[in-house]
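K.L.:
Contents of final_12.cif (mmCIF, N, CA and C atoms) are given next:
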```cif
data_entry
loop_
_atom_site.label_atom_id
_atom_site.label_comp_id
_atom_site.auth_asym_id
_atom_site.auth_seq_id
_atom_site.Cartn_x
_atom_site.Cartn_y
_atom_site.Cartn_z
N MET S 306 40.67 98.33 5.23
CA MET S 306 40.04 97.45 4.27
C MET S 306 41.06 96.70 3.43
N PHE S 307 42.34 97.09 3.53
CA PHE S 307 43.40 96.40 2.81
C PHE S 307 43.77 95.07 3.47
N VAL S 308 43.62 94.97 4.77
CA VAL S 308 44.14 93.83 5.53
C VAL S 308 43.66 92.49 5.01
N PRO S 309 42.37 92.28 4.69
CA PRO S 309 41.96 90.97 4.20
C PRO S 309 42.60 90.58 2.87
N HIS S 310 43.18 91.53 2.15
CA HIS S 310 43.73 91.24 0.83
C HIS S 310 45.24 91.06 0.84
N PHE S 311 45.87 91.15 2.00
CA PHE S 311 47.32 90.93 2.06
C PHE S 311 47.69 89.50 1.73
N ALA S 312 46.79 88.56 1.98
CA ALA S 312 47.07 87.15 1.68
C ALA S 312 47.12 86.90 0.18
N HIS S 313 46.47 87.71 -0.60
CA HIS S 313 46.51 87.57 -2.06
C HIS S 313 46.79 88.96 -2.65
N PRO S 314 48.07 89.27 -2.83
CA PRO S 314 48.47 90.62 -3.26
C PRO S 314 48.04 91.01 -4.67
N ASP S 315 47.53 90.08 -5.45
CA ASP S 315 47.03 90.45 -6.77
C ASP S 315 45.81 91.36 -6.69
N HIS S 316 45.13 91.36 -5.55
CA HIS S 316 43.92 92.16 -5.39
C HIS S 316 44.22 93.56 -4.87
N ILE S 317 45.41 93.85 -4.40
CA ILE S 317 45.71 95.14 -3.79
C ILE S 317 45.51 96.30 -4.77
N PRO S 318 45.97 96.23 -6.03
CA PRO S 318 45.69 97.36 -6.94
C PRO S 318 44.19 97.56 -7.17
N HIS S 319 43.45 96.48 -7.23
CA HIS S 319 42.00 96.55 -7.40
C HIS S 319 41.35 97.31 -6.24
N ILE S 320 41.74 96.95 -5.03
CA ILE S 320 41.18 97.60 -3.85
C ILE S 320 41.68 99.04 -3.74
N ALA S 321 42.93 99.30 -4.14
CA ALA S 321 43.49 100.66 -4.08
C ALA S 321 42.70 101.62 -4.97
N ILE S 322 42.23 101.15 -6.11
CA ILE S 322 41.42 101.99 -6.99
C ILE S 322 40.15 102.43 -6.27
N HIS S 323 39.49 101.50 -5.62
CA HIS S 323 38.25 101.82 -4.93
C HIS S 323 38.50 102.61 -3.64
N GLU S 324 39.62 102.37 -2.97
CA GLU S 324 39.99 103.17 -1.81
C GLU S 324 40.22 104.62 -2.21
N ALA S 325 40.90 104.82 -3.34
CA ALA S 325 41.13 106.19 -3.84
C ALA S 325 39.80 106.87 -4.15
N GLY S 326 38.91 106.14 -4.77
CA GLY S 326 37.58 106.70 -5.06
C GLY S 326 36.83 107.06 -3.80
N LEU S 327 36.93 106.22 -2.78
CA LEU S 327 36.27 106.49 -1.50
C LEU S 327 36.85 107.74 -0.85
N LEU S 328 38.16 107.85 -0.81
CA LEU S 328 38.79 109.01 -0.17
C LEU S 328 38.50 110.30 -0.92
N ILE S 329 38.61 110.28 -2.23
CA ILE S 329 38.37 111.50 -3.02
C ILE S 329 36.91 111.92 -2.92
N SER S 330 35.99 110.98 -3.06
CA SER S 330 34.57 111.34 -3.00
C SER S 330 34.17 111.79 -1.60
N GLY S 331 34.75 111.20 -0.58
CA GLY S 331 34.48 111.64 0.79
C GLY S 331 34.98 113.06 1.04
N PHE S 332 36.16 113.36 0.52
CA PHE S 332 36.72 114.70 0.64
C PHE S 332 35.85 115.72 -0.10
N LEU S 333 35.44 115.39 -1.32
CA LEU S 333 34.60 116.30 -2.10
C LEU S 333 33.21 116.45 -1.47
N PHE S 334 32.70 115.39 -0.87
CA PHE S 334 31.42 115.47 -0.16
C PHE S 334 31.53 116.48 0.99
N SER S 335 32.60 116.38 1.76
CA SER S 335 32.74 117.31 2.89
C SER S 335 32.91 118.75 2.41
N LEU S 336 33.65 118.96 1.32
CA LEU S 336 33.80 120.32 0.78
C LEU S 336 32.47 120.86 0.24
N ALA S 337 31.70 120.01 -0.43
CA ALA S 337 30.41 120.46 -0.95
C ALA S 337 29.46 120.79 0.20
N LEU S 338 29.52 120.01 1.27
CA LEU S 338 28.68 120.28 2.44
C LEU S 338 29.09 121.60 3.09
N LEU S 339 30.38 121.83 3.22
CA LEU S 339 30.85 123.12 3.77
C LEU S 339 30.46 124.27 2.85
N GLY S 340 30.55 124.05 1.53
CA GLY S 340 30.14 125.08 0.58
C GLY S 340 28.67 125.41 0.70
N TYR S 341 27.84 124.40 0.90
CA TYR S 341 26.41 124.65 1.07
C TYR S 341 26.16 125.43 2.35
N ASN S 342 26.82 125.03 3.43
CA ASN S 342 26.63 125.73 4.69
C ASN S 342 27.04 127.20 4.60
N LYS S 343 28.03 127.47 3.77
CA LYS S 343 28.51 128.86 3.63
C LYS S 343 27.64 129.68 2.69
N THR S 344 27.21 129.08 1.56
CA THR S 344 26.49 129.84 0.54
C THR S 344 24.97 129.69 0.60
N LYS S 345 24.49 128.58 1.12
CA LYS S 345 23.06 128.24 1.16
C LYS S 345 22.43 128.17 -0.23
N LEU S 346 23.23 127.84 -1.24
CA LEU S 346 22.71 127.67 -2.60
C LEU S 346 22.14 126.26 -2.74
N ARG S 347 20.95 126.15 -3.30
CA ARG S 347 20.32 124.84 -3.45
C ARG S 347 21.10 123.92 -4.37
N ARG S 348 21.76 124.47 -5.37
CA ARG S 348 22.50 123.62 -6.31
C ARG S 348 23.69 122.93 -5.63
N MET S 349 24.16 123.50 -4.53
CA MET S 349 25.23 122.85 -3.76
C MET S 349 24.71 121.58 -3.09
N LEU S 350 23.41 121.54 -2.83
CA LEU S 350 22.84 120.31 -2.26
C LEU S 350 22.91 119.17 -3.25
N PHE S 351 22.78 119.47 -4.55
CA PHE S 351 22.91 118.42 -5.56
C PHE S 351 24.33 117.87 -5.58
N SER S 352 25.33 118.73 -5.51
CA SER S 352 26.72 118.27 -5.46
C SER S 352 26.97 117.47 -4.20
N THR S 353 26.43 117.94 -3.08
CA THR S 353 26.59 117.22 -1.83
C THR S 353 25.97 115.83 -1.92
N ALA S 354 24.76 115.76 -2.46
CA ALA S 354 24.08 114.47 -2.61
C ALA S 354 24.83 113.55 -3.58
N ALA S 355 25.36 114.11 -4.66
CA ALA S 355 26.09 113.30 -5.64
C ALA S 355 27.33 112.69 -5.01
N PHE S 356 28.10 113.49 -4.29
CA PHE S 356 29.32 112.96 -3.68
C PHE S 356 29.01 112.04 -2.51
N ALA S 357 27.92 112.28 -1.80
CA ALA S 357 27.53 111.36 -0.73
C ALA S 357 27.15 110.01 -1.32
N THR S 358 26.44 110.02 -2.45
CA THR S 358 26.06 108.78 -3.11
C THR S 358 27.29 108.02 -3.59
N LEU S 359 28.24 108.72 -4.19
CA LEU S 359 29.46 108.07 -4.65
C LEU S 359 30.27 107.51 -3.48
N THR S 360 30.32 108.25 -2.38
CA THR S 360 31.05 107.77 -1.19
C THR S 360 30.41 106.50 -0.63
N VAL S 361 29.09 106.51 -0.52
CA VAL S 361 28.38 105.33 -0.01
C VAL S 361 28.57 104.15 -0.96
N ALA S 362 28.49 104.40 -2.26
CA ALA S 362 28.65 103.32 -3.24
C ALA S 362 30.04 102.69 -3.15
N GLN S 363 31.08 103.52 -3.05
CA GLN S 363 32.44 102.97 -2.93
C GLN S 363 32.59 102.21 -1.61
N GLY S 364 32.01 102.72 -0.54
CA GLY S 364 32.09 102.02 0.75
C GLY S 364 31.39 100.68 0.72
N VAL S 365 30.21 100.64 0.11
CA VAL S 365 29.47 99.38 -0.01
C VAL S 365 30.26 98.39 -0.86
N TYR S 366 30.85 98.87 -1.94
CA TYR S 366 31.64 97.98 -2.80
C TYR S 366 32.83 97.42 -2.03
N LEU S 367 33.55 98.26 -1.31
CA LEU S 367 34.70 97.78 -0.55
C LEU S 367 34.28 96.81 0.54
N PHE S 368 33.13 97.07 1.17
CA PHE S 368 32.64 96.15 2.19
C PHE S 368 32.29 94.80 1.58
N SER S 369 31.71 94.81 0.38
CA SER S 369 31.36 93.55 -0.27
C SER S 369 32.59 92.77 -0.71
N GLU S 370 33.70 93.47 -0.96
CA GLU S 370 34.93 92.80 -1.39
C GLU S 370 35.70 92.16 -0.24
N LEU S 371 35.29 92.40 0.99
CA LEU S 371 35.99 91.80 2.14
C LEU S 371 35.91 90.29 2.13
N ASN S 372 34.85 89.74 1.57
CA ASN S 372 34.65 88.28 1.55
C ASN S 372 35.10 87.64 0.25
N MET S 373 35.92 88.35 -0.54
CA MET S 373 36.38 87.80 -1.82
C MET S 373 37.31 86.61 -1.56
N SER S 374 37.10 85.55 -2.29
CA SER S 374 37.94 84.36 -2.11
C SER S 374 39.33 84.61 -2.69
N PRO S 375 40.36 84.01 -2.09
CA PRO S 375 41.72 84.21 -2.60
C PRO S 375 41.93 83.66 -4.01
N THR S 376 41.06 82.78 -4.44
CA THR S 376 41.22 82.21 -5.78
C THR S 376 40.52 83.04 -6.85
N HIS S 377 39.82 84.10 -6.44
CA HIS S 377 39.12 84.97 -7.38
C HIS S 377 40.13 85.70 -8.25
N VAL S 378 39.98 85.61 -9.56
CA VAL S 378 40.91 86.24 -10.49
C VAL S 378 40.32 87.57 -10.95
N ILE S 379 41.13 88.62 -10.88
CA ILE S 379 40.69 89.95 -11.31
C ILE S 379 41.31 90.25 -12.66
N ASP S 380 40.47 90.57 -13.62
CA ASP S 380 40.93 90.97 -14.95
C ASP S 380 40.88 92.49 -15.01
N TYR S 381 42.04 93.14 -15.01
CA TYR S 381 42.10 94.59 -14.96
C TYR S 381 41.64 95.26 -16.25
N PHE S 382 41.40 94.49 -17.29
CA PHE S 382 40.91 95.05 -18.54
C PHE S 382 39.45 94.68 -18.78
N SER S 383 38.78 94.19 -17.73
CA SER S 383 37.36 93.88 -17.86
C SER S 383 36.55 95.18 -17.78
N THR S 384 35.31 95.08 -18.19
CA THR S 384 34.43 96.26 -18.20
C THR S 384 34.26 96.84 -16.80
N ASN S 385 34.12 95.99 -15.79
CA ASN S 385 33.91 96.48 -14.43
C ASN S 385 35.14 97.23 -13.91
N GLU S 386 36.32 96.73 -14.18
CA GLU S 386 37.53 97.39 -13.70
C GLU S 386 37.78 98.70 -14.43
N ILE S 387 37.57 98.71 -15.74
CA ILE S 387 37.74 99.95 -16.49
C ILE S 387 36.73 100.98 -16.01
N PHE S 388 35.50 100.56 -15.73
CA PHE S 388 34.49 101.46 -15.21
C PHE S 388 34.92 102.05 -13.87
N GLY S 389 35.46 101.24 -12.97
CA GLY S 389 35.92 101.74 -11.68
C GLY S 389 37.06 102.74 -11.82
N ILE S 390 37.99 102.44 -12.70
CA ILE S 390 39.12 103.34 -12.93
C ILE S 390 38.62 104.66 -13.51
N LEU S 391 37.70 104.60 -14.46
CA LEU S 391 37.17 105.82 -15.06
C LEU S 391 36.37 106.66 -14.06
N ILE S 392 35.68 106.03 -13.15
CA ILE S 392 34.95 106.77 -12.11
C ILE S 392 35.94 107.54 -11.24
N VAL S 393 37.04 106.91 -10.85
CA VAL S 393 38.05 107.60 -10.04
C VAL S 393 38.67 108.75 -10.82
N ILE S 394 38.99 108.52 -12.09
CA ILE S 394 39.57 109.59 -12.92
C ILE S 394 38.58 110.74 -13.08
N MET S 395 37.31 110.42 -13.31
CA MET S 395 36.29 111.45 -13.44
C MET S 395 36.19 112.28 -12.17
N THR S 396 36.23 111.64 -11.02
CA THR S 396 36.15 112.36 -9.76
C THR S 396 37.35 113.27 -9.57
N MET S 397 38.54 112.79 -9.93
CA MET S 397 39.74 113.62 -9.80
C MET S 397 39.68 114.81 -10.76
N LEU S 398 39.24 114.60 -11.99
CA LEU S 398 39.13 115.70 -12.95
C LEU S 398 38.09 116.72 -12.50
N PHE S 399 37.00 116.24 -11.94
CA PHE S 399 35.99 117.16 -11.42
C PHE S 399 36.56 117.99 -10.29
N ALA S 400 37.33 117.36 -9.42
CA ALA S 400 37.96 118.10 -8.31
C ALA S 400 38.92 119.15 -8.84
N LEU S 401 39.70 118.81 -9.86
CA LEU S 401 40.61 119.80 -10.46
C LEU S 401 39.83 120.97 -11.05
N GLY S 402 38.72 120.68 -11.69
CA GLY S 402 37.91 121.74 -12.27
C GLY S 402 37.28 122.64 -11.22
N VAL S 403 36.89 122.06 -10.11
CA VAL S 403 36.27 122.84 -9.04
C VAL S 403 37.30 123.68 -8.30
N PHE S 404 38.47 123.11 -8.05
CA PHE S 404 39.47 123.80 -7.23
C PHE S 404 40.41 124.69 -8.03
N TYR S 405 40.36 124.63 -9.35
CA TYR S 405 41.25 125.43 -10.17
C TYR S 405 40.85 126.90 -10.08
N ASN S 406 41.79 127.74 -9.72
CA ASN S 406 41.56 129.17 -9.63
C ASN S 406 42.61 129.85 -10.48
N PRO S 407 42.25 130.42 -11.63
CA PRO S 407 43.26 130.99 -12.53
C PRO S 407 43.99 132.19 -11.95
N ARG S 408 43.44 132.84 -10.94
CA ARG S 408 44.11 133.99 -10.34
C ARG S 408 45.26 133.60 -9.44
N THR S 409 45.22 132.36 -8.90
CA THR S 409 46.27 131.94 -7.97
C THR S 409 47.15 130.86 -8.54
N SER S 410 46.75 130.18 -9.61
CA SER S 410 47.52 129.07 -10.17
C SER S 410 48.27 129.55 -11.41
N ARG S 411 49.57 129.48 -11.37
CA ARG S 411 50.39 129.87 -12.51
C ARG S 411 50.84 128.65 -13.32
N ASP S 412 50.86 127.48 -12.69
CA ASP S 412 51.37 126.27 -13.35
C ASP S 412 50.36 125.70 -14.33
N LEU S 413 49.08 125.74 -13.99
CA LEU S 413 48.07 125.10 -14.83
C LEU S 413 47.70 126.05 -15.90
#
```
Turn the structure described in the file into structure tokens.
P.N.:
Amino acid sequence: MFVPHFAHPDHIPHIAIHEAGLLISGFLFSLALLGYNKTKLRRMLFSTAAFATLTVAQGVYLFSELNMSPTHVIDYFSTNEIFGILIVIMTMLFALGVFYNPRTSRDL
């Protein structure tokens, strides 16, 4: 999905934010699905559905950005960009909270 944006490199950080969100949410979706298959807890289905929704939303957004015109100006301090960055940060913090195990982690 990066290839259409090589002609206008100002958009690469914008797309990288959404690519990171897609990769992280896809990874967490697969882990939540594996967790549900192992535990059969209904609440794991909510996590699976949440991460599936986020993965689909990031994919749809990236697909819609393929037709962005090269003259389109991205303001990295606009509400939409800050919202995208915060969604990625929230997903990463959630992953840290889920994967943090105090018995095995000495650094955190």
K.L.:
Could you tell me which residues the PyMOL selection byres ((chain S and resi 333) around 8) returns for this structure, as a ChimeraX atom specification?
P.N.:
/S:327-332,334-339,352-353,355-357,400
K.L.:
For Gly326 in chain S, work out the shell of residues within 8 Å, counting only N, CA and C atoms and skipping chain neighbours fewer than 6 positions away, then give it as number ranges by chain.
P.N.:
S: 320, 332, 359-360, 363-364, 389, 392-394, 396-397
K.L.:
How about saving the chosen residues, N, CA and C atoms kept, as a PDB file, keeping the file's coordinate frame?
P.N.:
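Result saved to out-v1.pdb:
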```
ATOM      1  N   ILE S 320      41.740  96.950  -5.030  1.00  0.00           N
ATOM      2  CA  ILE S 320      41.180  97.600  -3.850  1.00  0.00           C
ATOM      3  C   ILE S 320      41.680  99.040  -3.740  1.00  0.00           C
ATOM      4  N   PHE S 332      36.160 113.360   0.520  1.00  0.00           N
ATOM      5  CA  PHE S 332      36.720 114.700   0.640  1.00  0.00           C
ATOM      6  C   PHE S 332      35.850 115.720  -0.100  1.00  0.00           C
ATOM      7  N   LEU S 359      28.240 108.720  -4.190  1.00  0.00           N
ATOM      8  CA  LEU S 359      29.460 108.070  -4.650  1.00  0.00           C
ATOM      9  C   LEU S 359      30.270 107.510  -3.480  1.00  0.00           C
ATOM     10  N   THR S 360      30.320 108.250  -2.380  1.00  0.00           N
ATOM     11  CA  THR S 360      31.050 107.770  -1.190  1.00  0.00           C
ATOM     12  C   THR S 360      30.410 106.500  -0.630  1.00  0.00           C
ATOM     13  N   GLN S 363      31.080 103.520  -3.050  1.00  0.00           N
ATOM     14  CA  GLN S 363      32.440 102.970  -2.930  1.00  0.00           C
ATOM     15  C   GLN S 363      32.590 102.210  -1.610  1.00  0.00           C
ATOM     16  N   GLY S 364      32.010 102.720  -0.540  1.00  0.00           N
ATOM     17  CA  GLY S 364      32.090 102.020   0.750  1.00  0.00           C
ATOM     18  C   GLY S 364      31.390 100.680   0.720  1.00  0.00           C
ATOM     19  N   GLY S 389      35.460 101.240 -12.970  1.00  0.00           N
ATOM     20  CA  GLY S 389      35.920 101.740 -11.680  1.00  0.00           C
ATOM     21  C   GLY S 389      37.060 102.740 -11.820  1.00  0.00           C
ATOM     22  N   ILE S 392      35.680 106.030 -13.150  1.00  0.00           N
ATOM     23  CA  ILE S 392      34.950 106.770 -12.110  1.00  0.00           C
ATOM     24  C   ILE S 392      35.940 107.540 -11.240  1.00  0.00           C
ATOM     25  N   VAL S 393      37.040 106.910 -10.850  1.00  0.00           N
ATOM     26  CA  VAL S 393      38.050 107.600 -10.040  1.00  0.00           C
ATOM     27  C   VAL S 393      38.670 108.750 -10.820  1.00  0.00           C
ATOM     28  N   ILE S 394      38.990 108.520 -12.090  1.00  0.00           N
ATOM     29  CA  ILE S 394      39.570 109.590 -12.920  1.00  0.00           C
ATOM     30  C   ILE S 394      38.580 110.740 -13.080  1.00  0.00           C
ATOM     31  N   THR S 396      36.230 111.640 -11.020  1.00  0.00           N
ATOM     32  CA  THR S 396      36.150 112.360  -9.760  1.00  0.00           C
ATOM     33  C   THR S 396      37.350 113.270  -9.570  1.00  0.00           C
ATOM     34  N   MET S 397      38.540 112.790  -9.930  1.00  0.00           N
ATOM     35  CA  MET S 397      39.740 113.620  -9.800  1.00  0.00           C
ATOM     36  C   MET S 397      39.680 114.810 -10.760  1.00  0.00           C
TER      37      MET S 397
END
```
K.L.:
Please indicate the distance in Å from atom N of Arg348 in chain S to atom N of Phe399 in chain S, rounded to one decimal place.
P.N.:
18.5 Å
K.L.:
Just the number, please: distance in Å from CA of Glu386 in chain S to CA of Ile322 in chain S, one decimal.
P.N.:
9.0 Å
